[in-house]
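Participant: If it helps, the file is called my_file_1.txt and holds compact mmCIF, C-alpha atoms:
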# COMPACT_ATOMS: atom_id res chain seq x y z
CA MET N 11 91.46 -113.90 151.86
CA GLU N 12 87.98 -112.81 152.73
CA SER N 13 86.99 -109.34 151.73
CA SER N 14 85.40 -107.16 154.35
CA PRO N 15 81.72 -106.47 153.84
CA ASP N 16 80.95 -103.27 152.04
CA LEU N 17 80.46 -100.46 154.48
CA PRO N 18 77.83 -97.85 153.69
CA GLN N 19 79.47 -94.78 152.31
CA GLU N 20 78.94 -91.64 154.34
CA LEU N 21 76.67 -89.28 152.44
CA PRO N 22 77.58 -85.62 152.22
CA PRO N 23 75.56 -83.43 154.58
CA VAL N 24 72.43 -82.00 153.08
CA PRO N 25 72.63 -78.22 152.98
CA PRO N 26 69.92 -76.56 155.03
CA ARG N 27 66.94 -75.38 153.09
CA GLU N 28 66.62 -71.64 152.79
CA PRO N 29 63.15 -70.43 153.79
CA ILE N 30 61.15 -68.77 151.05
CA LEU N 31 60.56 -65.70 153.21
CA THR N 32 63.59 -64.55 155.17
CA LEU N 33 62.16 -61.40 156.66
CA PRO N 34 63.67 -60.44 160.01
CA GLY N 35 61.33 -60.86 162.96
CA ALA N 36 61.00 -57.12 163.63
CA LEU N 37 59.81 -56.38 160.11
CA THR N 38 57.46 -59.37 160.12
CA ALA N 39 55.93 -58.13 163.37
CA TYR N 40 55.55 -54.61 161.93
CA VAL N 41 53.76 -55.88 158.82
CA LEU N 42 51.50 -58.16 160.87
CA LEU N 43 50.63 -55.24 163.15
CA ILE N 44 49.61 -53.12 160.17
CA ALA N 45 47.54 -56.00 158.78
CA ALA N 46 45.82 -56.59 162.14
CA ILE N 47 44.99 -52.90 162.54
CA HIS N 48 43.54 -52.84 159.03
CA LEU N 49 40.83 -55.20 160.22
CA ARG N 50 39.15 -51.99 161.41
CA VAL N 51 37.53 -51.90 157.95
CA LEU N 52 35.28 -54.70 159.20
CA LEU N 53 33.80 -52.38 161.81
CA PRO N 54 30.58 -50.47 161.18
CA LEU N 55 31.26 -47.37 159.11
CA GLU N 56 30.80 -44.91 161.95
CA TRP N 57 33.27 -46.84 164.13
CA GLU N 58 35.78 -47.07 161.33
CA ASN N 59 35.56 -43.32 160.75
CA TRP N 60 36.00 -42.79 164.49
CA THR N 61 39.26 -44.78 164.53
CA VAL N 62 40.62 -42.68 161.66
CA ASP N 63 39.61 -39.45 163.40
CA VAL N 64 41.18 -40.53 166.69
CA PHE N 65 44.39 -42.11 165.36
CA GLY N 66 44.88 -40.36 162.02
CA PHE N 67 46.97 -37.21 161.79
CA ILE N 68 44.76 -34.13 161.37
CA PRO N 69 46.69 -30.83 161.02
CA LYS N 70 43.64 -28.75 161.98
CA ARG N 71 43.72 -30.46 165.38
CA TYR N 72 46.69 -28.19 166.18
CA ASP N 73 45.13 -24.99 164.86
CA SER N 74 45.36 -22.51 167.73
CA THR N 75 42.80 -20.21 166.10
CA LEU N 76 39.98 -22.71 166.61
CA MET N 77 37.57 -21.92 169.41
CA ASN N 78 35.43 -24.54 171.16
CA VAL N 79 36.10 -27.23 168.55
CA ASP N 80 36.60 -30.71 169.98
CA PHE N 81 38.26 -33.36 167.84
CA PRO N 82 37.88 -37.05 168.73
CA GLY N 83 40.68 -38.23 170.99
CA GLY N 84 41.05 -35.00 172.94
CA ALA N 85 44.45 -33.67 174.01
CA GLY N 86 46.04 -37.11 173.94
CA ALA N 87 45.45 -37.44 170.21
CA LYS N 88 47.70 -34.41 169.68
CA VAL N 89 50.56 -36.61 170.91
CA TRP N 90 49.93 -40.17 169.75
CA THR N 91 48.70 -39.32 166.26
CA PHE N 92 52.23 -38.22 165.33
CA VAL N 93 52.93 -41.97 165.20
CA SER N 94 49.61 -43.83 165.21
CA TYR N 95 48.58 -42.46 161.79
CA SER N 96 51.39 -44.47 160.21
CA LEU N 97 49.77 -47.77 161.24
CA LEU N 98 46.47 -47.00 159.47
CA HIS N 99 45.96 -47.54 155.75
CA ALA N 100 43.20 -46.79 153.29
CA ASN N 101 43.05 -50.22 151.67
CA LEU N 102 45.04 -53.34 150.83
CA THR N 103 46.68 -51.67 147.83
CA HIS N 104 47.96 -48.93 150.10
CA ILE N 105 49.40 -51.55 152.47
CA GLY N 106 50.85 -53.59 149.61
CA PHE N 107 52.65 -50.63 148.08
CA ASN N 108 54.32 -49.72 151.39
CA VAL N 109 55.22 -53.34 152.18
CA LEU N 110 56.71 -53.76 148.70
CA TRP N 111 59.25 -51.02 149.43
CA LEU N 112 59.83 -52.26 152.97
CA LEU N 113 60.89 -55.72 151.81
CA PRO N 114 64.39 -54.75 150.60
CA PHE N 115 65.08 -51.58 152.59
CA GLY N 116 63.20 -52.35 155.79
CA SER N 117 64.65 -55.87 155.93
CA ALA N 118 68.21 -54.59 155.75
CA LEU N 119 67.52 -51.93 158.36
CA ALA N 120 65.74 -54.30 160.77
CA ARG N 121 68.65 -56.74 160.59
CA ARG N 122 71.11 -53.93 161.20
CA PHE N 123 69.26 -52.14 164.02
CA GLY N 124 67.58 -54.99 165.84
CA ALA N 125 63.93 -54.90 166.92
CA LEU N 126 63.98 -52.10 169.50
CA ARG N 127 66.00 -49.65 167.41
CA PHE N 128 63.97 -50.52 164.31
CA PHE N 129 60.60 -49.82 165.95
CA LEU N 130 61.90 -46.60 167.49
CA PHE N 131 63.30 -45.53 164.12
CA MET N 132 59.94 -46.16 162.44
CA ALA N 133 58.22 -44.05 165.10
CA VAL N 134 60.70 -41.16 164.80
CA THR N 135 60.50 -41.01 161.01
CA ALA N 136 56.70 -41.20 161.19
CA ALA N 137 56.74 -38.22 163.55
CA ALA N 138 59.08 -36.33 161.22
CA GLY N 139 56.70 -36.97 158.33
CA ALA N 140 53.75 -35.76 160.39
CA LEU N 141 55.63 -32.59 161.32
CA ALA N 142 56.44 -31.88 157.68
CA HIS N 143 52.79 -32.43 156.78
CA LEU N 144 51.66 -30.14 159.60
CA LEU N 145 53.99 -27.33 158.49
CA THR N 146 52.68 -27.48 154.92
CA HIS N 147 48.99 -28.23 155.63
CA GLU N 148 48.32 -26.11 158.69
CA HIS N 149 44.54 -25.91 158.27
CA GLU N 150 43.96 -29.30 156.62
CA ILE N 151 41.06 -31.19 158.17
CA ALA N 152 41.40 -34.43 156.18
CA PRO N 153 43.23 -37.11 158.21
CA MET N 154 46.58 -38.35 156.92
CA ILE N 155 47.21 -42.08 157.26
CA GLY N 156 49.81 -44.54 156.01
CA ALA N 157 53.37 -45.69 156.71
CA SER N 158 54.89 -43.95 153.69
CA ALA N 159 56.89 -41.45 155.76
CA SER N 160 58.50 -44.27 157.75
CA VAL N 161 59.04 -46.31 154.60
CA SER N 162 60.76 -43.29 153.06
CA GLY N 163 62.90 -43.04 156.17
CA THR N 164 64.04 -46.66 155.84
CA MET N 165 64.97 -46.07 152.20
CA ALA N 166 67.04 -43.01 153.09
CA ALA N 167 68.75 -44.70 156.04
CA ALA N 168 69.58 -47.77 153.94
CA MET N 169 71.35 -45.53 151.44
CA ARG N 170 74.00 -44.87 154.07
CA PHE N 171 75.29 -48.45 153.65
CA ALA N 172 73.43 -50.05 150.72
CA PHE N 173 76.16 -49.37 148.13
CA VAL N 174 79.12 -50.18 150.37
CA GLN N 175 81.00 -53.25 149.13
CA GLY N 176 79.35 -56.36 150.56
CA SER N 177 75.98 -54.71 151.19
CA PHE N 178 72.68 -55.57 149.57
CA LEU N 179 72.88 -53.15 146.60
CA SER N 180 76.57 -53.64 145.89
CA PHE N 181 77.96 -55.77 143.08
CA SER N 182 79.55 -58.14 145.57
CA ARG N 183 77.68 -59.14 148.71
CA GLY N 184 77.45 -61.97 151.18
CA ASP N 185 74.51 -63.34 153.10
CA ALA N 186 71.70 -61.07 154.25
CA GLU N 187 72.98 -60.67 157.81
CA ALA N 188 76.50 -59.76 156.70
CA ALA N 189 75.21 -57.48 153.96
CA ALA N 190 73.13 -55.54 156.49
CA ARG N 191 76.04 -54.95 158.86
CA VAL N 192 78.76 -53.48 156.67
CA PRO N 193 80.23 -50.21 157.98
CA ALA N 194 78.16 -47.26 156.82
CA LEU N 195 79.26 -44.13 155.02
CA SER N 196 79.31 -40.88 156.92
CA LEU N 197 76.63 -38.45 155.86
CA SER N 198 79.15 -36.24 154.05
CA ARG N 199 80.61 -39.20 152.14
CA ALA N 200 77.16 -40.52 151.29
CA LEU N 201 76.19 -37.14 149.82
CA ARG N 202 79.29 -37.25 147.60
CA ASN N 203 78.66 -40.77 146.35
CA PRO N 204 77.32 -40.81 142.77
CA ARG N 205 75.03 -43.80 143.35
CA VAL N 206 73.54 -42.35 146.50
CA LEU N 207 73.05 -39.00 144.78
CA GLY N 208 71.44 -40.72 141.81
CA PHE N 209 69.02 -42.56 144.09
CA LEU N 210 68.21 -39.37 146.00
CA SER N 211 67.58 -37.45 142.79
CA VAL N 212 65.21 -40.04 141.37
CA TRP N 213 63.39 -40.39 144.68
CA PHE N 214 62.82 -36.65 145.08
CA VAL N 215 61.74 -36.19 141.46
CA VAL N 216 59.19 -39.00 141.68
CA ASN N 217 57.72 -37.66 144.92
CA ILE N 218 57.52 -34.10 143.63
CA ILE N 219 55.77 -35.32 140.47
CA PHE N 220 53.20 -37.12 142.61
CA GLY N 221 52.70 -33.97 144.64
CA VAL N 222 52.46 -31.51 141.76
CA TRP N 223 49.98 -33.59 139.80
CA SER N 224 48.10 -34.80 142.92
CA LEU N 225 48.45 -38.39 141.85
CA SER N 226 47.28 -41.22 144.06
CA ILE N 227 48.46 -44.78 144.47
CA GLY N 228 45.53 -46.94 145.39
CA THR N 229 44.23 -44.55 148.03
CA ASP N 230 40.68 -44.13 146.76
CA GLY N 231 41.40 -40.79 145.16
CA ALA N 232 43.18 -39.28 148.17
CA SER N 233 46.15 -37.13 147.30
CA VAL N 234 49.66 -38.29 148.15
CA ALA N 235 51.13 -36.56 151.21
CA TRP N 236 54.47 -36.08 149.50
CA GLN N 237 55.70 -33.52 152.03
CA ALA N 238 55.38 -36.18 154.74
CA HIS N 239 57.40 -38.57 152.57
CA ILE N 240 60.17 -35.99 152.29
CA GLY N 241 60.06 -35.29 156.03
CA GLY N 242 60.48 -38.98 156.84
CA PHE N 243 63.17 -39.37 154.19
CA ILE N 244 65.30 -36.48 155.44
CA ALA N 245 64.93 -37.66 159.04
CA GLY N 246 66.01 -41.17 158.11
CA LEU N 247 69.03 -39.92 156.18
CA ILE N 248 70.24 -37.56 158.91
CA LEU N 249 69.28 -39.49 162.06
CA PHE N 250 70.55 -42.87 160.85
CA ALA N 251 73.78 -42.53 162.84
CA LEU N 252 71.87 -42.12 166.12
CA PHE N 253 70.36 -45.59 165.70
CA ASP N 254 73.21 -47.42 163.99
CA PRO N 255 74.91 -49.99 166.28
CA VAL N 256 77.60 -50.89 163.73
CA PRO N 257 80.90 -49.11 164.40
CA HIS N 258 81.69 -46.47 161.80
CA THR N 259 84.97 -46.72 159.90
CA ARG N 260 86.61 -44.27 157.58
CA ASP N 261 87.68 -47.17 155.38
CA ALA N 262 84.13 -48.03 154.35
CA ALA N 263 84.04 -47.52 150.60
CA PRO N 264 81.29 -47.87 148.04
CA ALA N 265 81.49 -50.92 145.87
CA SER N 266 82.79 -50.35 142.37
CA PRO N 267 81.40 -52.14 139.33
CA PRO N 268 83.67 -54.75 137.79
CA ALA N 269 86.33 -53.19 135.60
CA GLU N 270 84.94 -54.65 132.40
CA ARG N 271 81.59 -52.99 133.06
CA GLU N 272 82.93 -49.50 133.61
CA LEU N 273 81.95 -47.15 130.82
CA HIS N 274 83.08 -43.55 130.49
Could you quickly redo this structure as structure tokens?

Facilitator:
Amino acid sequence: MESSPDLPQELPPVPPREPILTLPGALTAYVLLIAAIHLRVLLPLEWENWTVDVFGFIPKRYDSTLMNVDFPGGAGAKVWTFVSYSLLHANLTHIGFNVLWLLPFGSALARRFGALRFFLFMAVTAAAGALAHLLTHEHEIAPMIGASASVSGTMAAAMRFAFVQGSFLSFSRGDAEAAARVPALSLSRALRNPRVLGFLSVWFVVNIIFGVWSLSIGTDGASVAWQAHIGGFIAGLILFALFDPVPHTRDAAPASPPAERELH
């Protein structure tokens, strides 16, 4: 009896390679926009200063006691600078610090919201940060720039679902898309959650320390606008539900650590 020729064995399918960078498109576009705008530093000094004066947020621009003082940008700058300031940065260190915090929190939020909601959220939290800065620096003439208020807003918003079981800061989570779309906690439940409260406490303490001691983080000696950070943070925490497309459920519960790791 003749044996049949050996047939080639079917090889198991090769799992798809995971890309090194898995940033959602909306966040990638936001970072690239900031990087492109930062090319302004290549302009002559007087032009670079002009862009900061026109697009940076200057509280004194809104000082009603000023008479016959014209700021660059005119009346329009009183509107667009509530957002445009957040796209300007002092240097690459300033950009890098903000992007570093955006990678985990902004990625989760961009996946959850989608591009349009994400960009609108960044604009709203930037405006909230500018308003907080205006209320606490009414006569300040130095321009405020940087995305820190919006970054703070993404961190606060992410806290509404980050610790829910299956999300990106829980002990048990799935892939990035699934982790970003778990049902969120209501604001009242989030403010009763020990992990959320711990995160909020540390965040506020760190920002207040920076403010009290006028520390700077790679901003060429400029003081940190910590009030703007808090304004963006509070806006992100409270307004999250207005942007969230994921249906809310009362059954959403924070993830608990494995039993063997619980210490009392």

Participant: For Leu141 (chain N), which residue out of N:Gly242, N:Gly176, N:Pro54, N:Gly116 is the nearest one, using all atoms listed in the file?

Facilitator: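 Counting all atoms listed in the file, the residue closest to Leu141 (chain N) is N:Gly242.
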
Participant: Need to verify the contact set: Ile47 (chain N), 12 Å, all atoms listed in the file, exclusion of same-chain residues closer than 2 positions in sequence. Can you return it as a PDB file with C-alpha atoms, keeping the file's coordinate frame?

Facilitator:
ATOM      1  CA  TYR N  40      55.550 -54.610 161.930  1.00  0.00           C
ATOM      2  CA  VAL N  41      53.760 -55.880 158.820  1.00  0.00           C
ATOM      3  CA  LEU N  42      51.500 -58.160 160.870  1.00  0.00           C
ATOM      4  CA  LEU N  43      50.630 -55.240 163.150  1.00  0.00           C
ATOM      5  CA  ILE N  44      49.610 -53.120 160.170  1.00  0.00           C
ATOM      6  CA  ALA N  45      47.540 -56.000 158.780  1.00  0.00           C
ATOM      7  CA  LEU N  49      40.830 -55.200 160.220  1.00  0.00           C
ATOM      8  CA  ARG N  50      39.150 -51.990 161.410  1.00  0.00           C
ATOM      9  CA  VAL N  51      37.530 -51.900 157.950  1.00  0.00           C
ATOM     10  CA  LEU N  52      35.280 -54.700 159.200  1.00  0.00           C
ATOM     11  CA  LEU N  53      33.800 -52.380 161.810  1.00  0.00           C
ATOM     12  CA  GLU N  58      35.780 -47.070 161.330  1.00  0.00           C
ATOM     13  CA  THR N  61      39.260 -44.780 164.530  1.00  0.00           C
ATOM     14  CA  VAL N  62      40.620 -42.680 161.660  1.00  0.00           C
ATOM     15  CA  PHE N  65      44.390 -42.110 165.360  1.00  0.00           C
ATOM     16  CA  SER N  94      49.610 -43.830 165.210  1.00  0.00           C
ATOM     17  CA  TYR N  95      48.580 -42.460 161.790  1.00  0.00           C
ATOM     18  CA  SER N  96      51.390 -44.470 160.210  1.00  0.00           C
ATOM     19  CA  LEU N  97      49.770 -47.770 161.240  1.00  0.00           C
ATOM     20  CA  LEU N  98      46.470 -47.000 159.470  1.00  0.00           C
ATOM     21  CA  HIS N  99      45.960 -47.540 155.750  1.00  0.00           C
ATOM     22  CA  ALA N 100      43.200 -46.790 153.290  1.00  0.00           C
ATOM     23  CA  ASN N 101      43.050 -50.220 151.670  1.00  0.00           C
ATOM     24  CA  LEU N 102      45.040 -53.340 150.830  1.00  0.00           C
ATOM     25  CA  ILE N 105      49.400 -51.550 152.470  1.00  0.00           C
ATOM     26  CA  GLY N 156      49.810 -44.540 156.010  1.00  0.00           C
TER      27      GLY N 156
END

Participant: Name the residues in contact with region 211-221 of chain N at a cut-off of 9 Å, using only C-alpha atoms, excluding same-chain residues fewer than 6 positions from it; report them as JSON, numbers by chain.

Facilitator: {"N": [233, 234, 235, 236, 237, 239, 240]}

Participant: Which of these residues is nearest to Ser196 (chain N), using all atoms listed in the file: N:Met165, N:His149, N:Leu112, N:Phe250?

Facilitator: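 Under the stated criterion, the closest residue is N:Phe250.
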
Participant: Write out as a ChimeraX atom specification each polymer residue whose atoms come within 12 Å of Ala138 (chain N), counting all atoms listed in the file; drop sequence neighbours fewer than 2 positions from it.

Facilitator: /N:91-93,96,131-136,140-145,157-163,237-249

Participant: Counting only C-alpha atoms, what is within 10 Å of Ala39 (chain N), bar same-chain residues fewer than 6 positions away, as a PyMOL selection string?

Facilitator: chain N and resi 33+45+125+129

Participant: Report, in Å to a single decimal, how far apart CA of Leu130 (chain N) and CA of Pro114 (chain N) are.

Facilitator: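 Spanning CA of Pro114 (chain N) to CA of Leu130 (chain N) is a straight-line distance of 18.9 Å.
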
Participant: Considering all atoms listed in the file, state which residue in the set N:Thr32, N:Val89, N:Trp60, N:Gly106 is at the smallest distance from Tyr72 (chain N).

Facilitator: N:Val89

Participant: From the options N:Ala46, N:Ala251, N:Leu110, N:Met154, which residue's atoms come nearest to Gly66 (chain N), counting only C-alpha atoms?

Facilitator: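 For Gly66 (chain N), the nearest of the candidates is N:Met154.
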
Participant: Just how far from CA of His258 (chain N) is CA of Thr38 (chain N), in Å to one decimal?

Facilitator: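 Here the two named atoms are 27.5 Å from each other.
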
Participant: Could you work out how far CA of Ala118 (chain N) lies from CA of Ala167 (chain N), giving the answer in Å with one decimal?

Facilitator: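 Rounded to one decimal, the two atoms are 9.9 Å apart.
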
Participant: Would you kindly return, as a PDB file with C-alpha atoms, in the coordinates of the input, each protein, DNA or RNA residue with an atom no farther than 7 Å from any atom of region 189-195 of chain N, considering all atoms listed in the file and excluding same-chain residues fewer than 6 positions away?

Facilitator:
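Output file out_37.pdb is given in full below:
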ATOM      1  CA  ALA N 118      68.210 -54.590 155.750  1.00  0.00           C
ATOM      2  CA  LEU N 119      67.520 -51.930 158.360  1.00  0.00           C
ATOM      3  CA  ARG N 121      68.650 -56.740 160.590  1.00  0.00           C
ATOM      4  CA  ARG N 122      71.110 -53.930 161.200  1.00  0.00           C
ATOM      5  CA  ARG N 170      74.000 -44.870 154.070  1.00  0.00           C
ATOM      6  CA  PHE N 171      75.290 -48.450 153.650  1.00  0.00           C
ATOM      7  CA  GLY N 176      79.350 -56.360 150.560  1.00  0.00           C
ATOM      8  CA  SER N 177      75.980 -54.710 151.190  1.00  0.00           C
ATOM      9  CA  PHE N 178      72.680 -55.570 149.570  1.00  0.00           C
ATOM     10  CA  ARG N 183      77.680 -59.140 148.710  1.00  0.00           C
ATOM     11  CA  VAL N 256      77.600 -50.890 163.730  1.00  0.00           C
ATOM     12  CA  PRO N 257      80.900 -49.110 164.400  1.00  0.00           C
ATOM     13  CA  HIS N 258      81.690 -46.470 161.800  1.00  0.00           C
ATOM     14  CA  THR N 259      84.970 -46.720 159.900  1.00  0.00           C
ATOM     15  CA  ALA N 262      84.130 -48.030 154.350  1.00  0.00           C
TER      16      ALA N 262
END

Participant: From the options N:His104, N:Trp90, N:Thr164, N:Ala152, which residue's atoms come nearest to Leu37 (chain N), counting only C-alpha atoms?

Facilitator: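 Residue with the minimum atom-to-atom distance to Leu37 (chain N): N:Thr164.
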
Participant: Looking at all atoms listed in the file, which of N:Asp254, N:Leu201, N:Lys88, N:Ile155 is the one that sits closest to His48 (chain N)?

Facilitator: N:Ile155
